[in-house]
>>> print(open('input19.cif').read())   # mmCIF, C-alpha atoms
data_work
#
loop_
_atom_site.label_atom_id
_atom_site.label_comp_id
_atom_site.auth_asym_id
_atom_site.auth_seq_id
_atom_site.Cartn_x
_atom_site.Cartn_y
_atom_site.Cartn_z
CA MET O 1 -14.77 -25.31 -0.23
CA ARG O 2 -11.69 -23.54 1.08
CA LYS O 3 -11.73 -22.40 4.66
CA ILE O 4 -12.99 -18.87 5.13
CA LEU O 5 -10.13 -16.40 4.97
CA CYS O 6 -9.42 -14.12 7.90
CA LEU O 7 -10.92 -10.64 8.06
CA ALA O 8 -7.65 -9.13 6.90
CA MET O 9 -7.86 -10.90 3.58
CA ILE O 10 -11.58 -10.43 3.27
CA VAL O 11 -11.11 -6.64 3.15
CA ALA O 12 -7.91 -6.85 1.11
CA SER O 13 -9.00 -5.02 -1.98
CA LEU O 14 -11.00 -2.53 0.07
CA ALA O 15 -8.01 -1.20 2.01
CA TRP O 16 -7.85 2.28 0.51
CA SER O 17 -4.23 3.30 0.58
CA CYS O 18 -3.51 6.79 1.69
CA SER O 19 -0.04 5.44 2.56
CA GLY O 20 2.71 7.27 0.82
CA GLN O 21 0.48 10.24 0.04
CA LYS O 22 2.34 13.12 1.57
CA GLU O 23 0.61 16.28 2.58
CA LYS O 24 2.18 19.28 0.95
CA GLY O 25 5.42 20.24 2.65
CA GLU O 26 5.60 17.09 4.78
CA SER O 27 8.09 14.24 4.39
CA ALA O 28 7.59 10.52 4.84
CA VAL O 29 7.93 8.91 8.24
CA LYS O 30 9.60 5.59 8.96
CA VAL O 31 8.11 2.67 10.88
CA SER O 32 10.30 -0.18 12.11
CA PHE O 33 8.40 -3.46 12.59
CA SER O 34 10.04 -6.00 14.88
CA VAL O 35 8.75 -9.47 15.80
CA ARG O 36 10.29 -11.91 18.23
CA SER O 37 9.06 -15.50 18.07
CA VAL O 38 10.67 -18.50 19.74
CA ALA O 39 7.98 -20.73 18.23
CA ILE O 40 9.66 -20.94 14.82
CA ASP O 41 13.12 -21.71 13.47
CA SER O 42 15.51 -18.92 12.45
CA SER O 43 15.28 -20.10 8.85
CA ALA O 44 11.54 -19.30 8.68
CA LYS O 45 10.43 -16.58 6.27
CA MET O 46 8.28 -13.97 7.99
CA TYR O 47 6.19 -11.23 6.39
CA VAL O 48 4.32 -8.13 7.50
CA THR O 49 1.13 -7.33 5.61
CA GLY O 50 -1.60 -4.76 5.83
CA SER O 51 -3.43 -1.79 4.37
CA GLY O 52 -1.65 0.25 1.74
CA GLU O 53 0.91 -0.32 -0.94
CA GLU O 54 3.85 -0.33 1.47
CA LEU O 55 2.29 -3.29 3.31
CA GLY O 56 1.39 -5.14 0.13
CA PHE O 57 -2.38 -4.53 0.19
CA TRP O 58 -2.82 -7.52 2.51
CA SER O 59 -0.83 -9.93 0.37
CA PRO O 60 0.50 -12.48 2.91
CA ASP O 61 3.86 -13.04 1.21
CA LYS O 62 4.85 -9.75 -0.41
CA VAL O 63 6.67 -7.69 2.26
CA ALA O 64 9.43 -9.84 3.73
CA MET O 65 11.09 -9.26 7.08
CA GLU O 66 14.77 -9.95 7.75
CA TYR O 67 16.04 -12.27 10.47
CA VAL O 68 18.38 -10.24 12.71
CA GLY O 69 19.21 -12.83 15.39
CA ASN O 70 17.82 -13.59 18.84
CA ASN O 71 14.64 -15.09 17.35
CA THR O 72 13.78 -11.65 15.92
CA TRP O 73 12.68 -10.49 12.45
CA ARG O 74 12.63 -6.84 11.41
CA THR O 75 11.85 -4.49 8.54
CA GLU O 76 11.54 -0.74 8.11
CA LEU O 77 8.97 0.93 5.85
CA ALA O 78 8.16 4.52 4.92
CA PHE O 79 4.63 5.96 5.05
CA GLY O 80 2.96 9.26 4.42
CA PRO O 81 2.48 11.34 7.56
CA LYS O 82 -0.77 10.97 9.53
CA THR O 83 -1.42 7.59 7.90
CA PRO O 84 -3.73 5.12 9.72
CA ILE O 85 -2.59 1.57 9.01
CA GLU O 86 -3.64 -1.94 9.96
CA TYR O 87 -1.23 -4.85 9.81
CA LYS O 88 -0.57 -8.48 10.69
CA PHE O 89 2.28 -10.98 10.44
CA THR O 90 2.42 -14.23 8.49
CA LEU O 91 4.84 -17.01 7.57
CA GLY O 92 3.86 -16.62 3.92
CA SER O 93 0.17 -17.51 3.81
CA TRP O 94 -3.07 -16.91 5.68
CA GLU O 95 -2.95 -20.52 6.83
CA ARG O 96 0.23 -19.56 8.74
CA GLU O 97 -0.55 -16.19 10.29
CA ALA O 98 0.22 -15.02 13.82
CA ALA O 99 -2.23 -16.55 16.29
CA GLY O 100 -3.19 -16.72 19.93
CA ALA O 101 -2.84 -19.66 22.30
CA ASN O 102 -6.18 -21.01 21.06
CA GLY O 103 -4.89 -21.22 17.51
CA LEU O 104 -7.14 -18.43 16.28
CA PRO O 105 -5.70 -15.48 14.30
CA LEU O 106 -4.81 -12.35 16.22
CA GLU O 107 -6.85 -9.23 15.55
CA ASN O 108 -5.39 -6.63 13.21
CA PHE O 109 -2.83 -4.32 14.80
CA ASN O 110 -3.56 -0.61 14.36
CA LEU O 111 -1.18 2.32 14.16
CA LEU O 112 -1.55 6.00 13.31
CA VAL O 113 1.73 7.17 11.81
CA ASN O 114 2.62 10.70 12.93
CA ALA O 115 6.40 10.41 13.31
CA ASP O 116 9.23 7.90 13.00
CA THR O 117 8.12 4.92 15.07
CA ALA O 118 9.37 1.51 16.18
CA VAL O 119 6.83 -1.19 17.06
CA SER O 120 7.75 -4.52 18.65
CA HIS O 121 5.65 -7.67 18.99
CA GLU O 122 6.01 -11.05 20.64
CA VAL O 123 4.31 -13.89 18.74
CA HIS O 124 4.11 -17.16 20.64
CA PHE O 125 1.84 -19.09 18.28
CA TRP O 126 1.20 -19.36 14.56
CA LYS O 127 -1.96 -20.60 12.95
CA ASP O 128 -1.63 -24.20 11.77
CA GLY O 129 -5.25 -25.34 11.46
CA LYS O 130 -4.96 -27.73 14.40
CA ASN O 131 -6.28 -25.64 17.26
CA ARG O 132 -9.55 -24.42 15.78
CA PRO O 133 -12.55 -24.93 18.08
CA GLN O 134 -14.33 -28.15 17.16
CA THR O 135 -17.77 -27.30 18.52
CA GLY O 136 -20.11 -24.57 17.46
CA GLN O 137 -22.36 -22.42 19.59
CA ILE O 138 -25.57 -21.81 17.69
CA THR O 139 -28.68 -21.01 19.71
CA GLY O 140 -31.95 -22.25 18.23
CA THR O 141 -32.88 -24.31 15.19
CA VAL O 142 -30.97 -23.90 11.95
CA LYS O 143 -31.30 -25.44 8.50
CA TYR O 144 -28.67 -25.56 5.76
CA PHE O 145 -28.64 -25.40 2.00
CA ARG O 146 -25.30 -26.68 0.75
CA GLN O 147 -23.41 -25.29 -2.22
CA LEU O 148 -26.19 -23.35 -3.87
CA GLU O 149 -25.28 -22.39 -7.42
CA ALA O 150 -26.13 -19.44 -9.63
CA GLU O 151 -24.80 -18.06 -12.88
CA GLY O 152 -21.76 -15.81 -12.60
CA ILE O 153 -20.84 -16.53 -8.97
CA LEU O 154 -19.24 -19.30 -6.94
CA PRO O 155 -21.36 -21.90 -5.08
CA ARG O 156 -22.01 -21.19 -1.41
CA ASP O 157 -23.65 -22.62 1.68
CA VAL O 158 -26.67 -20.86 3.19
CA ILE O 159 -27.76 -21.10 6.83
CA VAL O 160 -31.33 -20.39 7.96
CA ARG O 161 -32.20 -19.75 11.60
CA LEU O 162 -35.83 -20.24 12.55
CA PRO O 163 -37.57 -18.30 15.35
CA GLU O 164 -38.23 -19.92 18.69
CA GLY O 165 -41.56 -21.73 18.54
CA TYR O 166 -41.57 -22.00 14.73
CA ASP O 167 -42.72 -25.64 14.74
CA GLU O 168 -45.27 -25.10 17.51
CA GLN O 169 -47.09 -22.32 15.61
CA PRO O 170 -47.74 -23.84 12.15
CA ASN O 171 -50.02 -21.01 11.02
CA ARG O 172 -47.66 -18.17 11.85
CA ARG O 173 -45.55 -16.41 9.22
CA TYR O 174 -42.40 -14.38 9.81
CA PRO O 175 -40.43 -11.49 8.33
CA VAL O 176 -37.00 -12.34 6.96
CA LEU O 177 -33.58 -10.75 7.43
CA TYR O 178 -31.05 -11.76 4.74
CA MET O 179 -27.38 -11.38 5.68
CA HIS O 180 -24.07 -11.68 3.88
CA ASP O 181 -20.99 -13.47 5.34
CA GLY O 182 -23.37 -16.04 6.77
CA GLN O 183 -20.58 -18.10 8.29
CA ASN O 184 -19.85 -15.21 10.68
CA ILE O 185 -23.29 -14.40 12.07
CA PHE O 186 -24.20 -17.37 14.29
CA ASP O 187 -21.36 -19.81 14.82
CA PRO O 188 -17.86 -19.11 16.25
CA LYS O 189 -16.71 -22.40 14.74
CA THR O 190 -17.17 -21.15 11.19
CA SER O 191 -16.50 -17.45 11.80
CA SER O 192 -13.32 -15.92 10.42
CA PHE O 193 -11.75 -15.12 13.80
CA GLY O 194 -13.66 -17.58 15.94
CA VAL O 195 -15.86 -14.61 16.93
CA ASP O 196 -19.41 -14.47 15.58
CA TRP O 197 -21.98 -11.67 15.42
CA GLN O 198 -24.20 -13.45 17.97
CA VAL O 199 -27.27 -12.65 15.88
CA ASP O 200 -29.01 -15.75 17.25
CA GLU O 201 -28.62 -14.74 20.90
CA THR O 202 -29.37 -11.10 20.13
CA VAL O 203 -32.61 -11.87 18.31
CA ASP O 204 -33.80 -14.18 21.09
CA SER O 205 -33.00 -11.60 23.77
CA LEU O 206 -34.82 -8.79 21.96
CA VAL O 207 -37.86 -10.97 21.25
CA ARG O 208 -38.14 -12.07 24.88
CA ARG O 209 -38.03 -8.42 25.98
CA SER O 210 -40.74 -7.59 23.41
CA LEU O 211 -38.43 -5.14 21.67
CA ILE O 212 -38.72 -6.81 18.25
CA GLU O 213 -40.98 -9.38 16.61
CA PRO O 214 -39.67 -12.91 15.84
CA VAL O 215 -37.73 -13.06 12.57
CA ILE O 216 -36.22 -15.68 10.27
CA VAL O 217 -32.54 -14.93 9.63
CA VAL O 218 -30.89 -16.20 6.43
CA GLY O 219 -27.10 -16.09 6.10
CA ALA O 220 -25.46 -16.56 2.70
CA TYR O 221 -21.84 -17.63 3.19
CA ASN O 222 -19.14 -15.70 1.36
CA THR O 223 -16.62 -17.24 -1.04
CA THR O 224 -13.02 -16.60 -2.06
CA ASN O 225 -14.44 -14.14 -4.62
CA ARG O 226 -16.11 -12.09 -1.88
CA THR O 227 -14.97 -8.63 -2.90
CA ALA O 228 -16.09 -8.93 -6.53
CA GLU O 229 -19.39 -10.49 -5.48
CA TYR O 230 -20.17 -7.82 -2.89
CA THR O 231 -19.21 -4.69 -4.86
CA PRO O 232 -20.33 -2.93 -8.06
CA GLY O 233 -19.54 -4.74 -11.30
CA GLU O 234 -20.60 -7.72 -13.37
CA THR O 235 -19.93 -10.24 -10.60
CA GLY O 236 -21.67 -8.04 -8.04
CA SER O 237 -24.72 -7.85 -10.27
CA ALA O 238 -24.74 -11.65 -10.56
CA TYR O 239 -24.59 -11.96 -6.77
CA MET O 240 -27.46 -9.52 -6.32
CA LYS O 241 -29.51 -11.47 -8.84
CA PHE O 242 -28.80 -14.66 -6.88
CA MET O 243 -29.91 -13.06 -3.61
CA ALA O 244 -33.10 -11.52 -5.01
CA GLU O 245 -34.17 -13.99 -7.68
CA THR O 246 -32.81 -17.36 -6.51
CA LEU O 247 -32.33 -17.36 -2.75
CA LYS O 248 -35.40 -15.35 -1.72
CA PRO O 249 -37.86 -17.47 -3.76
CA LEU O 250 -36.25 -20.60 -2.30
CA ILE O 251 -36.64 -19.35 1.27
CA ASP O 252 -40.23 -18.26 0.62
CA LYS O 253 -41.01 -21.71 -0.76
CA GLU O 254 -39.37 -23.73 2.02
CA PHE O 255 -40.36 -21.67 5.06
CA ARG O 256 -43.36 -19.76 6.37
CA THR O 257 -42.21 -16.28 5.47
CA LYS O 258 -43.98 -13.00 4.98
CA PRO O 259 -42.75 -12.63 1.40
CA GLU O 260 -43.80 -9.02 0.81
CA ARG O 261 -41.07 -6.38 0.47
CA GLU O 262 -42.18 -4.59 3.64
CA HIS O 263 -41.17 -7.72 5.58
CA THR O 264 -37.85 -8.29 3.80
CA ILE O 265 -34.58 -6.54 4.68
CA VAL O 266 -30.91 -7.27 4.03
CA GLY O 267 -27.76 -6.62 6.07
CA GLY O 268 -24.00 -6.94 6.21
CA SER O 269 -20.71 -5.24 7.06
CA SER O 270 -17.81 -3.71 5.12
CA ALA O 271 -18.19 -4.97 1.54
CA GLY O 272 -21.33 -6.70 2.82
CA GLY O 273 -22.54 -3.26 3.88
CA ILE O 274 -22.38 -1.86 0.37
CA ALA O 275 -23.82 -5.13 -1.02
CA SER O 276 -26.83 -4.63 1.25
CA PHE O 277 -27.32 -1.06 0.08
CA MET O 278 -26.93 -2.07 -3.56
CA LEU O 279 -29.62 -4.74 -3.17
CA LEU O 280 -31.98 -2.24 -1.55
CA TRP O 281 -31.30 0.40 -4.19
CA GLU O 282 -31.50 -1.87 -7.23
CA TYR O 283 -34.24 -4.25 -6.02
CA PRO O 284 -36.65 -1.93 -4.17
CA GLU O 285 -39.54 -4.18 -5.16
CA VAL O 286 -37.92 -7.01 -3.13
CA TYR O 287 -36.38 -5.27 -0.09
CA SER O 288 -37.68 -2.47 2.11
CA GLY O 289 -34.61 -1.91 4.29
CA ALA O 290 -30.87 -2.42 4.62
CA ILE O 291 -28.45 -2.74 7.54
CA CYS O 292 -25.12 -1.28 6.39
CA MET O 293 -22.42 -1.72 9.05
CA SER O 294 -19.02 -0.14 8.32
CA PRO O 295 -20.02 0.00 4.65
CA ALA O 296 -17.53 0.50 1.81
CA PHE O 297 -19.67 3.06 -0.03
CA LYS O 298 -16.75 4.97 -1.55
CA ILE O 299 -13.20 3.67 -1.26
CA GLN O 300 -10.42 2.82 -3.68
CA HIS O 301 -12.10 2.04 -7.05
CA ILE O 302 -15.59 1.80 -5.50
CA ASP O 303 -18.06 4.70 -5.58
CA TYR O 304 -21.73 3.95 -5.07
CA VAL O 305 -22.47 7.39 -3.65
CA LYS O 306 -22.64 8.69 -7.21
CA ASN O 307 -25.59 6.39 -7.92
CA VAL O 308 -27.61 8.03 -5.16
CA LYS O 309 -26.58 11.55 -6.13
CA ALA O 310 -27.57 10.89 -9.75
CA TYR O 311 -31.07 9.64 -8.87
CA LYS O 312 -33.77 12.11 -9.96
CA GLY O 313 -36.95 10.15 -9.30
CA GLU O 314 -39.37 10.23 -6.40
CA LYS O 315 -38.05 9.38 -2.97
CA ARG O 316 -37.95 5.61 -2.55
CA ASP O 317 -39.93 4.09 0.28
CA PHE O 318 -37.40 2.25 2.41
CA LYS O 319 -35.41 2.48 5.64
CA ILE O 320 -31.63 2.47 5.96
CA TYR O 321 -29.39 1.79 8.96
CA ILE O 322 -25.75 2.92 8.64
CA ASP O 323 -22.94 2.81 11.20
CA ASN O 324 -19.16 2.93 11.48
CA GLY O 325 -16.36 2.74 14.00
CA GLY O 326 -13.36 5.04 14.39
CA ILE O 327 -10.23 2.86 14.44
CA GLY O 328 -8.04 1.60 11.59
CA LEU O 329 -9.91 0.80 8.39
CA GLU O 330 -13.01 2.52 9.77
CA LEU O 331 -11.23 5.87 9.37
CA GLU O 332 -10.70 5.20 5.68
CA LEU O 333 -14.33 4.21 5.18
CA GLN O 334 -15.65 7.30 6.96
CA PRO O 335 -15.41 9.88 4.11
CA GLY O 336 -17.54 7.69 1.85
CA ILE O 337 -20.05 7.11 4.63
CA ASP O 338 -20.29 10.84 5.29
CA GLU O 339 -20.95 11.46 1.61
CA MET O 340 -23.61 8.75 1.46
CA VAL O 341 -25.45 10.07 4.51
CA GLU O 342 -25.42 13.57 2.99
CA ALA O 343 -26.66 12.21 -0.36
CA LEU O 344 -29.51 10.34 1.34
CA GLU O 345 -30.49 13.38 3.38
CA ALA O 346 -30.56 15.39 0.14
CA GLN O 347 -32.99 12.78 -1.21
CA GLY O 348 -35.28 13.44 1.76
CA TYR O 349 -34.33 10.71 4.23
CA LYS O 350 -34.46 11.88 7.84
CA GLN O 351 -32.41 10.73 10.80
CA GLY O 352 -34.52 8.74 13.26
CA GLU O 353 -37.33 8.18 10.76
CA ASP O 354 -36.20 6.30 7.66
CA LEU O 355 -32.46 6.85 8.20
CA TYR O 356 -30.51 5.75 11.28
CA TYR O 357 -26.81 6.61 11.53
CA ILE O 358 -24.40 5.71 14.35
CA LEU O 359 -20.72 6.59 14.72
CA ASP O 360 -18.77 4.75 17.45
CA LYS O 361 -15.29 6.29 17.42
CA ASN O 362 -13.91 3.60 19.75
CA ALA O 363 -14.95 0.64 17.59
CA LYS O 364 -12.77 -1.44 15.29
CA HIS O 365 -13.61 -3.10 11.97
CA PHE O 366 -14.43 -6.42 13.60
CA GLU O 367 -17.23 -8.91 14.23
CA SER O 368 -17.52 -8.12 17.94
CA ALA O 369 -18.10 -4.43 17.16
CA TRP O 370 -20.87 -5.27 14.69
CA ALA O 371 -22.39 -7.67 17.20
CA GLU O 372 -22.47 -4.89 19.79
CA ARG O 373 -24.35 -2.55 17.45
CA MET O 374 -26.70 -5.20 16.07
CA PRO O 375 -29.47 -4.68 18.68
CA GLU O 376 -29.99 -1.05 17.64
CA ALA O 377 -30.21 -2.05 14.00
CA LEU O 378 -32.76 -4.79 14.69
CA VAL O 379 -34.91 -2.56 16.88
CA PHE O 380 -34.91 0.12 14.17
CA PHE O 381 -36.49 -2.32 11.71
CA TYR O 382 -38.51 -4.72 13.84
CA LYS O 383 -39.86 -2.77 16.81
#
>>> encode(input="input19.cif", output="structure tokens")
Amino acid sequence: MRKILCLAMIVASLAWSCSGQKEKGESAVKVSFSVRSVAIDSSAKMYVTGSGEELGFWSPDKVAMEYVGNNTWRTELAFGPKTPIEYKFTLGSWEREAAGANGLPLENFNLLVNADTAVSHEVHFWKDGKNRPQTGQITGTVKYFRQLEAEGILPRDVIVRLPEGYDEQPNRRYPVLYMHDGQNIFDPKTSSFGVDWQVDETVDSLVRRSLIEPVIVVGAYNTTNRTAEYTPGETGSAYMKFMAETLKPLIDKEFRTKPEREHTIVGGSSAGGIASFMLLWEYPEVYSGAICMSPAFKIQHIDYVKNVKAYKGEKRDFKIYIDNGGIGLELELQPGIDEMVEALEAQGYKQGEDLYYILDKNAKHFESAWAERMPEALVFFYK
């Protein structure tokens, strides 16, 4: 299985481009990108990539930069005014992107384009696969299912974390939280940026403080077909069927779960956020709640808000947690999130009861931000 792609590529097809869309009467603004790197030869081909058409929709080898001497590469691009963009630099692939001293990819750079701007960066290291941490940091007992298969989707690993004291209490059963992007939730070794959600430590801390009950956490790894599997469409439907009709019965068979819907919730972020909502909405007999962090409810070609607005039946009995940040891609996700919250409220869901919504305007679209908000989500469902 290929190594998990960095977050930038994971959200590639979700980067809703408002770049180049000019407000009436306003002209485009120019941004000059400059990178100096003594770590590579002057003959190296460097690229800038990011959200929007001008930045190649996160293609790592589409927007080339020109070598201008003094170990410096540069390019100038035009954007629509007031455009929020995220970007990174590569040497032509995600296996060779700009990195830190530890060999891990740098976080996305963010820029709000209001006027002609020049940005300069120093890159001292480039990812080469050699400096990745070799030890994980999982707290507690985990079990693995390797390369589970299902019709219409790619095989994937699944990690299961058992509650503290699971083996010592053989008659006890536990609720289950199913999560997408399972490689990112426990272990920095397997996580996209070497930063995990710390769900293991968070659960243990909340349980010891008697803020939540013990819970089994199941993480289904993503694949290179992540976007199609996590969003509406034929492949997304196949993934949902796998989660509800293949994975859940397997977990219920192998572990001491509370299999009823009222003890089963699902969670994820970005495309995993909409995947969680889709599972809740389309399999209400299986799940009773969803954690939707920075969800892509309505962006680019995706629009799941319309499904909720079109629903005419009785109010469905479940709970929904929704949140978002306020930097970079989060700004582009926000209109769809606002619409979804309004649609749910129109269906009768009430803030603080069966709907919980958080907006953190200082947060980025990143694992550490979701880890920080995870305690509130868990307490909402398991207190």
>>> atom_distance(input="input19.cif", atom1="CA of Trp197 (chain O)", atom2="CA of Leu104 (chain O)")
16.3 Å
>>> resolve_selection(input="input19.cif", expression="the PyMOL selection byres ((chain O and resi 368) around 8)", output="list in words")
Val195, Asp196, Trp197, Phe366, Glu367, Ala369, Trp370, Ala371 and Glu372 of chain O
>>> residues_around(input="input19.cif", residues="Val31 (chain O)", least_positions_apart="4", cutoff="7 Å", atoms="only C-alpha atoms", output="PyMOL selection string")
chain O and resi 76-78+116-118
>>> atom_distance(input="input19.cif", atom1="CA of Met243 (chain O)", atom2="CA of Tyr321 (chain O)")
19.5 Å
>>> atom_distance(input="input19.cif", atom1="CA of Ile265 (chain O)", atom2="CA of Gln198 (chain O)")
18.2 Å
>>> closest_atom_pairs(input="input19.cif", of="region 333-352 of chain O", to="region 294-307 of chain O", cutoff="6 Å", atoms="only C-alpha atoms", output="tab-separated table")
residue	atom	partner	partner_atom	distance
O:Leu333	CA	O:Ala296	CA	5.9
O:Gly336	CA	O:Lys298	CA	4.4
O:Met340	CA	O:Val305	CA	5.4
>>> residues_around(input="input19.cif", residues="region 165-170 of chain O", least_positions_apart="4", cutoff="12 Å", atoms="only C-alpha atoms", output="ChimeraX atom specification")
/O:140-142,161,174,204,207,214-216,255-257
>>> closest_residue(input="input19.cif", among="O:Thr90, O:Pro84, O:Tyr221, O:Gly268", to="Gln147 (chain O)", atoms="only C-alpha atoms")
O:Tyr221
>>> closest_residue(input="input19.cif", among="O:Leu279, O:Val379, O:Ala39, O:Leu331", to="Val203 (chain O)", atoms="all atoms listed in the file")
O:Val379
>>> resolve_selection(input="input19.cif", expression="the PyMOL selection byres ((chain O and resi 150-153) around 8)", output="NGL selection string")
:O and (148-149 or 154-155 or 229 or 235 or 238-239 or 242 or 246)
>>> write_last_selection(input="input19.cif", atoms="C-alpha atoms", output="PDB file, keeping the file's coordinate frame")
ATOM      1  CA  LEU O 148     -26.190 -23.350  -3.870  1.00  0.00           C
ATOM      2  CA  GLU O 149     -25.280 -22.390  -7.420  1.00  0.00           C
ATOM      3  CA  LEU O 154     -19.240 -19.300  -6.940  1.00  0.00           C
ATOM      4  CA  PRO O 155     -21.360 -21.900  -5.080  1.00  0.00           C
ATOM      5  CA  GLU O 229     -19.390 -10.490  -5.480  1.00  0.00           C
ATOM      6  CA  THR O 235     -19.930 -10.240 -10.600  1.00  0.00           C
ATOM      7  CA  ALA O 238     -24.740 -11.650 -10.560  1.00  0.00           C
ATOM      8  CA  TYR O 239     -24.590 -11.960  -6.770  1.00  0.00           C
ATOM      9  CA  PHE O 242     -28.800 -14.660  -6.880  1.00  0.00           C
ATOM     10  CA  THR O 246     -32.810 -17.360  -6.510  1.00  0.00           C
TER      11      THR O 246
END
>>> residues_around(input="input19.cif", residues="Gln351 (chain O)", least_positions_apart="6", cutoff="10 Å", atoms="only C-alpha atoms", output="mmCIF file with C-alpha atoms, in the coordinates of the input")
data_model
loop_
_atom_site.group_PDB
_atom_site.id
_atom_site.type_symbol
_atom_site.label_atom_id
_atom_site.label_comp_id
_atom_site.auth_asym_id
_atom_site.auth_seq_id
_atom_site.Cartn_x
_atom_site.Cartn_y
_atom_site.Cartn_z
ATOM 1 C CA ILE O 320 -31.630 2.470 5.960
ATOM 2 C CA TYR O 321 -29.390 1.790 8.960
ATOM 3 C CA VAL O 341 -25.450 10.070 4.510
ATOM 4 C CA LEU O 344 -29.510 10.340 1.340
ATOM 5 C CA GLU O 345 -30.490 13.380 3.380
ATOM 6 C CA TYR O 357 -26.810 6.610 11.530
#
>>> closest_residue(input="input19.cif", among="O:Lys258, O:Glu234, O:Gly103, O:Gly267", to="Met179 (chain O)", atoms="only C-alpha atoms")
O:Gly267
>>> resolve_selection(input="input19.cif", expression="the PyMOL selection byres ((chain O and resi 365) around 12)", output="VMD selection string")
chain O and resid 7 to 8 10 to 11 15 86 107 to 110 269 to 271 293 to 296 323 to 334 360 to 364 366 to 372
>>> residues_around(input="input19.cif", residues="Ala115 (chain O)", least_positions_apart="2", cutoff="8 Å", atoms="all atoms listed in the file", output="list in words")
Val29, Lys30, Pro81, Val113 and Thr117 of chain O
>>> residues_near_point(input="input19.cif", point="(4.8, -16.9, 19.2)", cutoff="6 Å", atoms="only C-alpha atoms", output="number ranges by chain")
O: 37, 39, 123-125
>>> residues_near_point(input="input19.cif", point="(-18.5, -14.3, 1.9)", cutoff="7 Å", atoms="all atoms listed in the file", output="PyMOL selection string")
chain O and resi 180-181+221-223+226
>>> closest_residue(input="input19.cif", among="O:Thr264, O:Asn225, O:Asn70, O:Ser276", to="Ser288 (chain O)", atoms="only C-alpha atoms")
O:Thr264
>>> closest_residue(input="input19.cif", among="O:Ser42, O:Thr231, O:Asn184, O:Asn171", to="Ile159 (chain O)", atoms="all atoms listed in the file")
O:Asn184
>>> build_atoms(input="input19.cif", residues="region 214-224 of chain O", atoms="N, CA, C and O atoms", output="short mmCIF file (atom, residue, chain, number, x, y, z; two decimals), keeping the file's coordinate frame")
data_model
loop_
_atom_site.label_atom_id
_atom_site.label_comp_id
_atom_site.auth_asym_id
_atom_site.auth_seq_id
_atom_site.Cartn_x
_atom_site.Cartn_y
_atom_site.Cartn_z
N PRO O 214 -40.48 -11.78 16.30
CA PRO O 214 -39.67 -12.91 15.84
C PRO O 214 -39.37 -12.78 14.35
O PRO O 214 -40.20 -12.32 13.58
N VAL O 215 -38.17 -13.22 13.95
CA VAL O 215 -37.73 -13.06 12.57
C VAL O 215 -36.92 -14.27 12.12
O VAL O 215 -36.15 -14.84 12.91
N ILE O 216 -37.09 -14.68 10.88
CA ILE O 216 -36.22 -15.68 10.27
C ILE O 216 -34.96 -14.97 9.78
O ILE O 216 -35.05 -13.91 9.15
N VAL O 217 -33.79 -15.53 10.08
CA VAL O 217 -32.54 -14.93 9.63
C VAL O 217 -31.85 -15.89 8.67
O VAL O 217 -31.62 -17.06 8.99
N VAL O 218 -31.53 -15.41 7.48
CA VAL O 218 -30.89 -16.20 6.43
C VAL O 218 -29.49 -15.66 6.20
O VAL O 218 -29.32 -14.47 5.90
N GLY O 219 -28.48 -16.51 6.31
CA GLY O 219 -27.10 -16.09 6.10
C GLY O 219 -26.47 -16.78 4.91
O GLY O 219 -26.30 -18.01 4.91
N ALA O 220 -26.16 -16.02 3.87
CA ALA O 220 -25.46 -16.56 2.70
C ALA O 220 -23.96 -16.48 2.95
O ALA O 220 -23.43 -15.38 3.15
N TYR O 221 -23.29 -17.62 2.96
CA TYR O 221 -21.84 -17.63 3.19
C TYR O 221 -21.13 -16.85 2.08
O TYR O 221 -21.60 -16.74 0.95
N ASN O 222 -19.95 -16.32 2.41
CA ASN O 222 -19.14 -15.70 1.36
C ASN O 222 -18.27 -16.76 0.68
O ASN O 222 -18.27 -17.93 1.07
N THR O 223 -17.52 -16.34 -0.33
CA THR O 223 -16.62 -17.24 -1.04
C THR O 223 -15.27 -16.54 -1.19
O THR O 223 -15.09 -15.40 -0.76
N THR O 224 -14.34 -17.20 -1.83
CA THR O 224 -13.02 -16.60 -2.06
C THR O 224 -13.10 -15.43 -3.04
O THR O 224 -12.14 -14.68 -3.19
#
